[in-house]
$ cat coords_22.tsv   # TSV, C-alpha atoms
chain	number	residue	atom	x	y	z
D	14	MET	CA	61.44	-8.52	29.95
D	15	ASN	CA	58.06	-8.59	28.43
D	16	LEU	CA	57.23	-5.64	26.24
D	17	GLU	CA	53.65	-4.85	25.49
D	18	PRO	CA	53.08	-4.06	21.92
D	19	LEU	CA	52.72	-0.41	21.16
D	20	GLN	CA	49.15	0.63	20.64
D	21	PRO	CA	48.41	3.19	18.02
D	22	GLU	CA	47.33	6.56	19.49
D	23	PRO	CA	43.61	7.04	19.01
D	24	ILE	CA	42.76	9.54	16.39
D	25	ALA	CA	39.62	11.69	16.73
D	26	PRO	CA	37.24	11.23	13.84
D	27	ALA	CA	37.23	14.02	11.35
D	28	PRO	CA	34.23	16.33	11.78
D	29	SER	CA	31.44	15.81	9.32
D	30	PRO	CA	31.02	18.60	6.81
D	31	ASP	CA	27.45	18.93	8.10
D	32	THR	CA	28.45	19.35	11.79
D	33	PRO	CA	28.77	23.05	12.72
D	34	ALA	CA	31.72	24.31	14.73
D	35	PRO	CA	30.96	25.27	18.38
D	36	GLU	CA	30.97	28.99	17.56
D	37	GLN	CA	28.65	28.41	14.62
D	38	ALA	CA	26.33	26.21	16.71
D	39	ALA	CA	26.04	28.93	19.37
D	40	TRP	CA	25.30	31.51	16.67
D	41	LEU	CA	22.62	29.26	15.13
D	42	ALA	CA	21.00	28.69	18.55
D	43	ALA	CA	20.88	32.44	19.17
D	44	LEU	CA	19.39	33.02	15.71
D	45	GLN	CA	16.72	30.36	16.31
D	46	SER	CA	15.82	31.95	19.66
D	47	LEU	CA	15.59	35.40	18.08
D	48	THR	CA	13.48	34.06	15.22
D	49	SER	CA	11.07	32.41	17.65
D	50	THR	CA	10.76	35.66	19.61
D	51	VAL	CA	10.07	37.65	16.46
D	52	ILE	CA	7.45	35.14	15.29
D	53	ILE	CA	5.68	35.28	18.66
D	54	ALA	CA	5.80	39.10	18.65
D	55	ILE	CA	4.38	39.24	15.12
D	56	PHE	CA	1.59	36.85	16.13
D	57	VAL	CA	0.73	38.93	19.20
D	58	ILE	CA	0.75	42.22	17.26
D	59	THR	CA	-1.22	40.74	14.37
D	60	PHE	CA	-3.89	38.83	16.27
D	61	LEU	CA	-3.90	39.63	19.99
D	62	LEU	CA	-2.56	42.97	21.18
D	63	GLN	CA	-1.20	46.13	19.63
D	64	ALA	CA	0.18	49.36	21.08
D	65	PHE	CA	-1.26	52.73	20.07
D	66	THR	CA	-0.60	56.32	21.07
D	67	ILE	CA	-3.24	59.01	21.58
D	68	PRO	CA	-2.43	61.94	19.26
D	69	SER	CA	-5.38	64.33	19.79
D	70	VAL	CA	-7.71	65.85	22.40
D	71	SER	CA	-10.90	64.27	21.03
D	72	MET	CA	-11.22	61.73	23.87
D	73	GLU	CA	-10.30	63.95	26.83
D	74	ASP	CA	-10.55	63.46	29.74
D	75	THR	CA	-10.87	59.70	29.27
D	76	LEU	CA	-7.76	59.50	27.06
D	77	LEU	CA	-5.11	62.21	26.94
D	78	ILE	CA	-2.47	63.13	24.40
D	79	GLY	CA	0.57	61.05	25.32
D	80	ASP	CA	-1.36	58.03	26.62
D	81	TYR	CA	0.01	54.72	25.32
D	82	LEU	CA	-2.61	51.99	24.98
D	83	LEU	CA	-2.63	48.23	24.66
D	84	VAL	CA	-5.50	47.31	22.36
D	85	ASP	CA	-7.26	43.95	22.44
D	86	LYS	CA	-7.62	42.85	18.81
D	87	LEU	CA	-9.26	39.52	19.56
D	88	SER	CA	-12.67	40.37	21.06
D	89	TYR	CA	-14.12	41.92	17.91
D	90	ALA	CA	-12.68	39.42	15.45
D	91	ASP	CA	-14.83	38.10	12.63
D	92	SER	CA	-17.94	36.40	14.03
D	93	SER	CA	-17.35	33.44	11.69
D	94	PHE	CA	-14.63	32.38	14.16
D	95	ALA	CA	-16.94	32.66	17.17
D	96	GLY	CA	-16.56	28.94	17.95
D	97	ILE	CA	-12.77	29.20	18.07
D	98	ILE	CA	-12.04	32.58	19.65
D	99	PRO	CA	-13.97	34.61	22.26
D	100	TYR	CA	-15.85	36.78	19.78
D	101	ARG	CA	-18.50	39.19	21.02
D	102	PRO	CA	-20.31	42.00	19.25
D	103	VAL	CA	-19.43	45.65	19.80
D	104	GLN	CA	-21.42	47.14	22.66
D	105	ARG	CA	-22.85	50.64	22.88
D	106	GLY	CA	-20.68	52.78	25.16
D	107	GLU	CA	-17.42	50.92	24.46
D	108	ILE	CA	-14.30	52.66	23.22
D	109	ILE	CA	-12.87	51.27	19.98
D	110	VAL	CA	-9.80	51.73	17.81
D	111	PHE	CA	-10.57	51.65	14.09
D	112	LEU	CA	-9.35	52.60	10.64
D	113	TYR	CA	-10.62	56.06	9.73
D	114	PRO	CA	-13.16	55.43	6.93
D	115	VAL	CA	-12.12	58.54	5.00
D	116	ASN	CA	-8.43	57.59	5.16
D	117	PRO	CA	-7.83	53.97	6.29
D	118	ALA	CA	-4.13	54.68	6.76
D	119	GLN	CA	-5.07	56.59	9.94
D	120	HIS	CA	-6.13	55.05	13.26
D	121	PHE	CA	-8.93	56.71	15.21
D	122	VAL	CA	-10.21	56.06	18.73
D	123	LYS	CA	-13.79	56.99	19.70
D	124	ARG	CA	-16.70	55.77	21.81
D	125	VAL	CA	-19.50	53.76	20.19
D	126	MET	CA	-22.80	55.55	20.75
D	127	GLY	CA	-24.91	53.82	18.12
D	128	ILE	CA	-25.04	50.16	17.10
D	129	PRO	CA	-26.96	48.76	14.09
D	130	GLY	CA	-30.63	49.74	14.27
D	131	ASP	CA	-30.17	52.56	16.81
D	132	ARG	CA	-31.83	55.93	16.25
D	133	ILE	CA	-29.53	58.84	17.05
D	134	ARG	CA	-30.23	62.52	17.60
D	135	ILE	CA	-28.56	65.35	19.52
D	136	GLU	CA	-30.56	68.25	20.92
D	137	SER	CA	-28.74	71.20	22.53
D	138	LYS	CA	-25.70	69.00	23.26
D	139	HIS	CA	-27.82	66.18	24.79
D	140	LEU	CA	-27.54	62.79	23.10
D	141	PHE	CA	-30.68	60.70	22.59
D	142	VAL	CA	-30.49	57.03	21.59
D	143	ASN	CA	-33.76	55.38	20.59
D	144	GLY	CA	-35.63	58.32	22.09
D	145	VAL	CA	-33.94	58.05	25.49
D	146	PRO	CA	-31.53	60.78	26.75
D	147	LEU	CA	-28.23	59.33	27.90
D	148	VAL	CA	-26.45	60.30	31.09
D	149	GLU	CA	-22.82	60.62	29.98
D	150	GLY	CA	-20.51	61.21	32.90
D	151	TYR	CA	-17.46	60.83	30.66
D	152	VAL	CA	-18.40	63.65	28.27
D	153	ARG	CA	-16.42	66.88	28.31
D	154	LEU	CA	-18.31	69.96	27.08
D	155	LYS	CA	-16.50	73.28	26.85
D	156	GLY	CA	-18.88	75.38	24.84
D	157	ILE	CA	-21.78	76.92	26.74
D	158	PHE	CA	-24.01	77.64	23.77
D	159	PRO	CA	-24.95	74.90	21.31
D	160	GLU	CA	-23.58	75.10	17.77
D	161	SER	CA	-26.12	74.65	15.02
D	162	TYR	CA	-24.69	71.50	13.40
D	163	PRO	CA	-22.81	69.29	15.88
D	164	ASP	CA	-25.02	70.10	18.88
D	165	ASP	CA	-28.34	69.73	17.05
D	166	PHE	CA	-27.88	66.67	14.91
D	167	PRO	CA	-28.86	65.57	12.32
D	168	GLN	CA	-29.87	68.71	10.49
D	169	ARG	CA	-29.39	70.07	6.99
D	170	ASP	CA	-29.74	73.82	7.50
D	171	LEU	CA	-26.03	74.55	7.62
D	172	ILE	CA	-23.02	72.90	5.97
D	173	PRO	CA	-20.15	72.82	8.49
D	174	ALA	CA	-16.65	73.42	7.19
D	175	GLN	CA	-15.27	70.14	8.59
D	176	ILE	CA	-17.87	67.81	7.10
D	177	ASN	CA	-16.92	65.19	4.54
D	178	ALA	CA	-18.64	65.89	1.21
D	179	ASN	CA	-19.64	62.26	0.58
D	180	TRP	CA	-21.20	61.99	4.02
D	181	TRP	CA	-23.16	65.22	3.50
D	182	LEU	CA	-24.65	63.73	0.32
D	183	GLN	CA	-25.34	60.28	1.82
D	184	MET	CA	-26.69	61.35	5.21
D	185	PRO	CA	-30.33	62.00	4.08
D	186	ARG	CA	-30.67	58.27	3.25
D	187	PHE	CA	-30.30	57.44	6.94
D	188	ILE	CA	-32.52	60.15	8.43
D	189	GLN	CA	-36.01	59.13	9.55
D	190	HIS	CA	-38.31	61.49	11.48
D	191	GLY	CA	-35.42	63.71	12.49
D	192	GLU	CA	-33.21	60.85	13.71
D	193	LEU	CA	-30.17	59.16	12.18
D	194	VAL	CA	-30.70	55.39	11.87
D	195	VAL	CA	-27.52	53.27	12.08
D	196	PRO	CA	-27.47	50.72	9.23
D	197	PRO	CA	-26.51	47.03	9.56
D	198	GLY	CA	-22.79	46.34	9.89
D	199	ALA	CA	-21.98	49.91	10.94
D	200	TYR	CA	-21.49	51.99	14.10
D	201	PHE	CA	-21.97	55.62	15.10
D	202	VAL	CA	-19.07	56.97	17.18
D	203	LEU	CA	-18.43	60.17	19.12
D	204	GLY	CA	-15.48	61.61	20.98
D	205	ASP	CA	-15.78	62.17	24.73
D	206	ASN	CA	-14.48	65.71	24.21
D	207	ARG	CA	-17.67	66.36	22.31
D	208	ASP	CA	-16.92	69.96	21.29
D	209	ARG	CA	-13.51	69.11	19.81
D	210	SER	CA	-14.02	65.77	18.13
D	211	LEU	CA	-14.02	64.91	14.44
D	212	ASP	CA	-16.40	61.95	14.58
D	213	SER	CA	-19.42	60.31	12.95
D	214	ARG	CA	-21.26	63.62	12.82
D	215	TYR	CA	-18.72	64.81	10.25
D	216	TRP	CA	-17.79	61.72	8.22
D	217	GLY	CA	-20.38	59.00	8.84
D	218	PHE	CA	-20.44	55.48	10.18
D	219	VAL	CA	-17.62	53.08	11.06
D	220	PRO	CA	-17.93	49.80	9.09
D	221	GLN	CA	-17.55	46.64	11.15
D	222	GLN	CA	-14.49	45.60	9.10
D	223	ASN	CA	-12.67	48.82	10.05
D	224	ILE	CA	-12.71	48.04	13.77
D	225	LEU	CA	-9.32	46.87	15.07
D	226	GLY	CA	-10.14	46.34	18.73
D	227	ARG	CA	-10.77	47.95	22.08
D	228	PRO	CA	-8.26	49.62	24.41
D	229	LEU	CA	-7.57	47.56	27.52
D	230	VAL	CA	-5.11	49.58	29.55
D	231	ILE	CA	-2.96	52.72	29.52
D	232	TYR	CA	0.45	51.14	30.03
D	233	TRP	CA	2.41	54.41	29.85
D	234	SER	CA	1.54	58.11	29.76
D	235	LEU	CA	3.69	61.15	29.02
D	236	ARG	CA	2.55	64.71	29.56
D	237	ASN	CA	3.36	67.45	27.06
D	238	THR	CA	6.18	69.64	28.39
D	239	GLU	CA	8.77	71.98	26.92
D	240	GLY	CA	10.29	68.85	25.40
D	241	ASP	CA	7.15	68.55	23.23
D	242	LEU	CA	6.23	64.93	23.87
D	243	THR	CA	3.30	64.89	21.50
D	244	PRO	CA	3.40	61.78	19.27
D	245	ALA	CA	6.33	61.99	16.89
D	246	GLY	CA	6.42	61.55	13.14
D	247	THR	CA	9.94	60.86	11.89
D	248	LEU	CA	12.35	58.36	13.40
D	249	GLY	CA	14.55	61.24	14.54
D	250	ASP	CA	11.61	62.83	16.38
D	251	LYS	CA	10.81	59.55	18.12
D	252	ILE	CA	14.43	59.07	19.23
D	253	TYR	CA	14.56	62.63	20.54
D	254	HIS	CA	11.28	62.28	22.43
D	255	PHE	CA	12.35	58.95	23.91
D	256	ALA	CA	15.68	60.40	25.05
D	257	TYR	CA	13.94	63.41	26.56
D	258	ALA	CA	11.47	61.19	28.42
D	259	VAL	CA	14.29	59.02	29.83
D	260	THR	CA	16.24	62.04	31.10
D	261	HIS	CA	13.16	63.86	32.48
D	262	VAL	CA	11.14	60.96	33.89
D	263	SER	CA	9.94	62.78	37.00
D	264	GLN	CA	8.66	65.68	34.89
D	265	VAL	CA	6.95	63.93	32.02
D	266	VAL	CA	5.53	60.60	33.23
D	267	ARG	CA	1.92	60.61	34.45
D	268	TRP	CA	2.37	57.90	37.06
D	269	ASP	CA	-1.27	58.13	38.16
D	270	ARG	CA	-2.37	56.99	34.66
D	271	THR	CA	0.10	54.13	34.29
D	272	MET	CA	-1.65	50.74	34.05
D	273	ARG	CA	-5.07	52.36	34.25
D	274	ARG	CA	-7.92	50.43	32.69
D	275	VAL	CA	-9.74	52.11	29.82
D	276	HIS	CA	-13.52	52.30	30.04
$ encode --input "coords_22.tsv" --output "structure tokens"
Amino acid sequence: MNLEPLQPEPIAPAPSPDTPAPEQAAWLAALQSLTSTVIIAIFVITFLLQAFTIPSVSMEDTLLIGDYLLVDKLSYADSSFAGIIPYRPVQRGEIIVFLYPVNPAQHFVKRVMGIPGDRIRIESKHLFVNGVPLVEGYVRLKGIFPESYPDDFPQRDLIPAQINANWWLQMPRFIQHGELVVPPGAYFVLGDNRDRSLDSRYWGFVPQQNILGRPLVIYWSLRNTEGDLTPAGTLGDKIYHFAYAVTHVSQVVRWDRTMRRVH
């Protein structure tokens, strides 16, 4: 009888110290995927789009309290990158989101009514740009009778309570023949809810570098109800408001404003 020699049983090579175990490899893959997602999100928020919430009535009826906006941050980027990105200058009549010049920690949203070189005046609530009265179908006017300062602007006969002191002192430098002249690199903005808007009449011009972008679309809108869905401050408020919105969707969501373009 022929016996074949016994062959030694193959032994699996010992794992390299640098080779991760299957569980560790899966964890590393998940971490890499999450990291990539976060990096993309940071890039989008930093350079392309950002979400904002409307906190006040100053842009009614164009924008309402509880509207959530996606803001295009690319169009108004620094003109020095015009050959790389689709830069274009700010146009009169466009709505912009910007850092409030008096307190840059705050975000404001208003409509541009004066670009560099424009001559601005308001007579009995009627806006004139470069001597021409504008037809403003978007403007909301509640007051019947004009108020001396905001509705006849610029004028120096009365100091309104809301005006910024620095602007009150600087404003005469920009007044020529009863009109306010917008300087280079700056913009004059007004709220559509003209009687209830803290805007350039009260604190001055918006510097070009303060402009963050322009609203593209209202992607979500929540009406103010007994749940008080006005924009929240603390994390606890935000969680409460979110939970209330989820459990009262039919009552609080303005479906007719969802995905509406802003103009």
$ residues_around --input "coords_22.tsv" --residues "segment 115-118 of chain D" --least-positions-apart "2" --cutoff "10 Å" --atoms "all atoms listed in the file" --output "PyMOL selection string"
chain D and resi 111-113+120-121+177+179-180+216-217+219+223
$ atom_distance --input "coords_22.tsv" --atom1 "atom CA of Asp80 of chain D" --atom2 "atom CA of Leu62 of chain D"
16.1 Å
$ closest_residue --input "coords_22.tsv" --among "D:Tyr89, D:Trp233, D:Phe141, D:Tyr215" --to "Gln175 of chain D" --atoms "all atoms listed in the file"
D:Tyr215
$ residues_around --input "coords_22.tsv" --residues "Gln221 of chain D" --least-positions-apart "6" --cutoff "8 Å" --atoms "all atoms listed in the file" --output "ChimeraX atom specification"
/D:198-200
$ closest_residue --input "coords_22.tsv" --among "D:Asp205, D:Asp212, D:Glu160, D:Asp269" --to "Thr75 of chain D" --atoms "all atoms listed in the file"
D:Asp205
$ atom_distance --input "coords_22.tsv" --atom1 "atom CA of Val265 of chain D" --atom2 "atom CA of Asn206 of chain D"
22.9 Å
$ axis_aligned_box --input "coords_22.tsv" --around "segment 157-172 of chain D" --padding-each-side "8 Å" --output "AutoDock Vina command-line options"
--center_x -25.8 --center_y 71.6 --center_z 16.4 --size_x 24.1 --size_y 28.1 --size_z 36.8
$ atom_distance --input "coords_22.tsv" --atom1 "atom CA of Leu171 of chain D" --atom2 "atom CA of Gly130 of chain D"
26.1 Å
$ closest_residue --input "coords_22.tsv" --among "D:Leu82, D:Val110, D:Ala64, D:Gln104" --to "Gln222 of chain D" --atoms "all atoms listed in the file"
D:Val110
$ residues_around --input "coords_22.tsv" --residues "Gln168 of chain D" --least-positions-apart "4" --cutoff "12 Å" --atoms "all atoms listed in the file" --output "ChimeraX atom specification"
/D:133-136,160-164,172-173,181,184-185,187-193,214-215
$ closest_residue --input "coords_22.tsv" --among "D:Ile108, D:Val148, D:Leu211, D:Ile78" --to "Val122 of chain D" --atoms "all atoms listed in the file"
D:Ile108
$ closest_residue --input "coords_22.tsv" --among "D:Arg186, D:Gly204, D:Ile128, D:Arg236" --to "Pro220 of chain D" --atoms "only C-alpha atoms"
D:Ile128
$ closest_residue --input "coords_22.tsv" --among "D:Gly106, D:Arg209, D:Met72, D:Phe218" --to "Pro197 of chain D" --atoms "only C-alpha atoms"
D:Phe218
$ residues_around --input "coords_22.tsv" --residues "Met126 of chain D" --least-positions-apart "5" --cutoff "6 Å" --atoms "only C-alpha atoms" --output "list in words"
Arg105, Gly106, Phe201 and Val202 of chain D
$ residues_around --input "coords_22.tsv" --residues "Pro159 of chain D" --least-positions-apart "4" --cutoff "8 Å" --atoms "only C-alpha atoms" --output "MDAnalysis selection string"
chainID D and resid 137:138 164:165
$ residues_near_point --input "coords_22.tsv" --point "(-35.2, 55.6, 20.2)" --cutoff "7 Å" --atoms "all atoms listed in the file" --output "ChimeraX atom specification"
/D:131-132,142-145
